[in-house]
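Note sheet for the following structure.
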Amino acid sequence: MQKFESDSPKKTEFIAKEFAKRLKADDFVSIKGVLGAGKTRFSSGIISFLCHSGKNGNIFATSPTYTIMNAYDCGIKINHFDFYRLKTIYDLENCGFFNSLDGKNITIAEWTDIVEIDYKKYIIGNYYVVDIQKDDDGKKEKRYIEIKKIL
């Protein structure tokens with residue numbers, strides 16, 4: 001388990017980019033946290049790092065809250081999901097989540113705690129859980145980021 005502290009969106013992205021160095025096709029990243037904690041910012045850091053090249057420029061990932069999934073193909077395929085509006089395992093089937101776990105993609109999913117299933121049963125590669133907590137002390141918002149490797 002690794003623990004980090006962030007005091008800015010830029011630092012949160014930096015932590016995500018450092019984390020992204022270990023990712024490969026078939027890995028699954030579950031990102032949890034309250035609304036506004038920085039889940040999409042963390043996802044964007046991963047995607048930006050993996051997709052950065054001279055021809056692609058610096059990719060800034062947007063939230064897939066309404067589309068459910070955004071796909072990026074930049075040498076490696078990345079599927080970025082947001083489960084905020086989902087309720088059941090059937091919703092996961094319908095949005096293409098299980099197809100994304102075929103070993104050819106990196107799959108990132110925000111709000112995985114909303115659909116309560118045993119994700120370990122479906123993961124081929126490494127399974128990481130990123131938990132982002134926010135602390136607003138009135139002066140500066142801090143984020144506490146914990147990264148655990150489950151499989």
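Identifiers in this document derive from the order of the structure tokens: chains are assigned A, B, ..., residues are numbered from 1 separately in each chain, and ligands are numbered from 1 in order of occurrence.
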- For region 90-95 of chain A, list every protein, DNA or RNA residue within 9 Å, evaluated using only C-alpha atoms, and leave out those in the same chain fewer than 6 positions away; present the list as an MDAnalysis selection string. chainID A and resid 68:69 81 83 115
Closest of A:Ala61, A:Ile108, A:Val29, A:Ile15 to Asn126 (chain A) - atom-to-atom distances counting only C-alpha atoms
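Of A:Ala61, A:Ile108, A:Val29, A:Ile15, the one nearest Asn126 (chain A) is A:Val29, counting only C-alpha atoms.
The smallest atom-to-atom distance between Leu50 (chain A) and any of A:Ile89, A:Leu101, A:Ile31, A:Ile106, using only C-alpha atoms, is found for A:Ile106.
Residues of region 35-102 of chain A that DSSP, applied to the backbone, places in alpha helix (DSSP H): Lys39, Thr40, Arg41, Phe42, Ser43, Ser44, Gly45, Ile46, Ile47, Ser48, Phe49, Leu50, Cys51, Ile89, Tyr90, Asp91, Leu92, Glu93, Asn94, Phe97, Phe98, Asn99 and Ser100 of chain A.
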For this session: Could you jot down the CA of Gly45 (chain A) to CA of Thr88 (chain A) separation for me, Å, one decimal place?
Result: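 Interatomic distance, CA of Gly45 (chain A) to CA of Thr88 (chain A): 28.1 Å.
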At a cut-off of 10 Å, using only C-alpha atoms, what residues contact Ile132 (chain A)? Leave out same-chain residues fewer than 2 positions from it and give the result as number ranges by chain. A: 3-6, 12, 31-34, 36-39, 42, 129-130, 134, 143-147
The residue from A:Ser30, A:Ser48, A:Thr40, A:Gln133 with the smallest atom-to-atom distance to Lys120 (chain A), counting only C-alpha atoms, is A:Ser30
Between A:Asp73, A:Asp27, A:Glu116, A:Asp135, smallest distance to His52 (chain A) by only C-alpha atoms belongs to A:Asp73
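Candidate residues A:Phe28, A:Lys17, A:Thr67, A:Tyr72 were compared for distance to Ile46 (chain A), and the nearest is A:Lys17, using only C-alpha atoms.
Neighbours of Asp82 (chain A) closer than or equal to 6 Å, with only C-alpha atoms counted and sequence neighbours fewer than 2 positions away skipped, come out as Pro64, Thr65, Ile68, Tyr84, Ala109 and Glu110 of chain A.
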Using only C-alpha atoms, the best pick from A:Ile124, A:Ile47, A:Leu23, A:Met1 as closest to His80 (chain A) would be A:Ile47
Would you pick out the contacts of Asn79 (chain A) at 6 Å or less, using only C-alpha atoms, so that residues sharing its chain but fewer than 2 positions from it are not included, and give the list as an mmCIF file with N, CA and C atoms, in the first residue's frame?
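Final output, saved to result_0.cif:
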data_model
loop_
_atom_site.group_PDB
_atom_site.id
_atom_site.type_symbol
_atom_site.label_atom_id
_atom_site.label_comp_id
_atom_site.auth_asym_id
_atom_site.auth_seq_id
_atom_site.Cartn_x
_atom_site.Cartn_y
_atom_site.Cartn_z
ATOM 1 N N ASN A 70 -15.329 6.586 -21.751
ATOM 2 C CA ASN A 70 -14.526 7.255 -22.767
ATOM 3 C C ASN A 70 -13.380 6.315 -23.116
ATOM 4 N N ALA A 71 -13.130 6.152 -24.405
ATOM 5 C CA ALA A 71 -12.052 5.266 -24.863
ATOM 6 C C ALA A 71 -10.928 6.100 -25.452
ATOM 7 N N THR A 107 -8.158 -0.715 -17.949
ATOM 8 C CA THR A 107 -9.507 -0.284 -17.593
ATOM 9 C C THR A 107 -9.436 0.527 -16.309
#
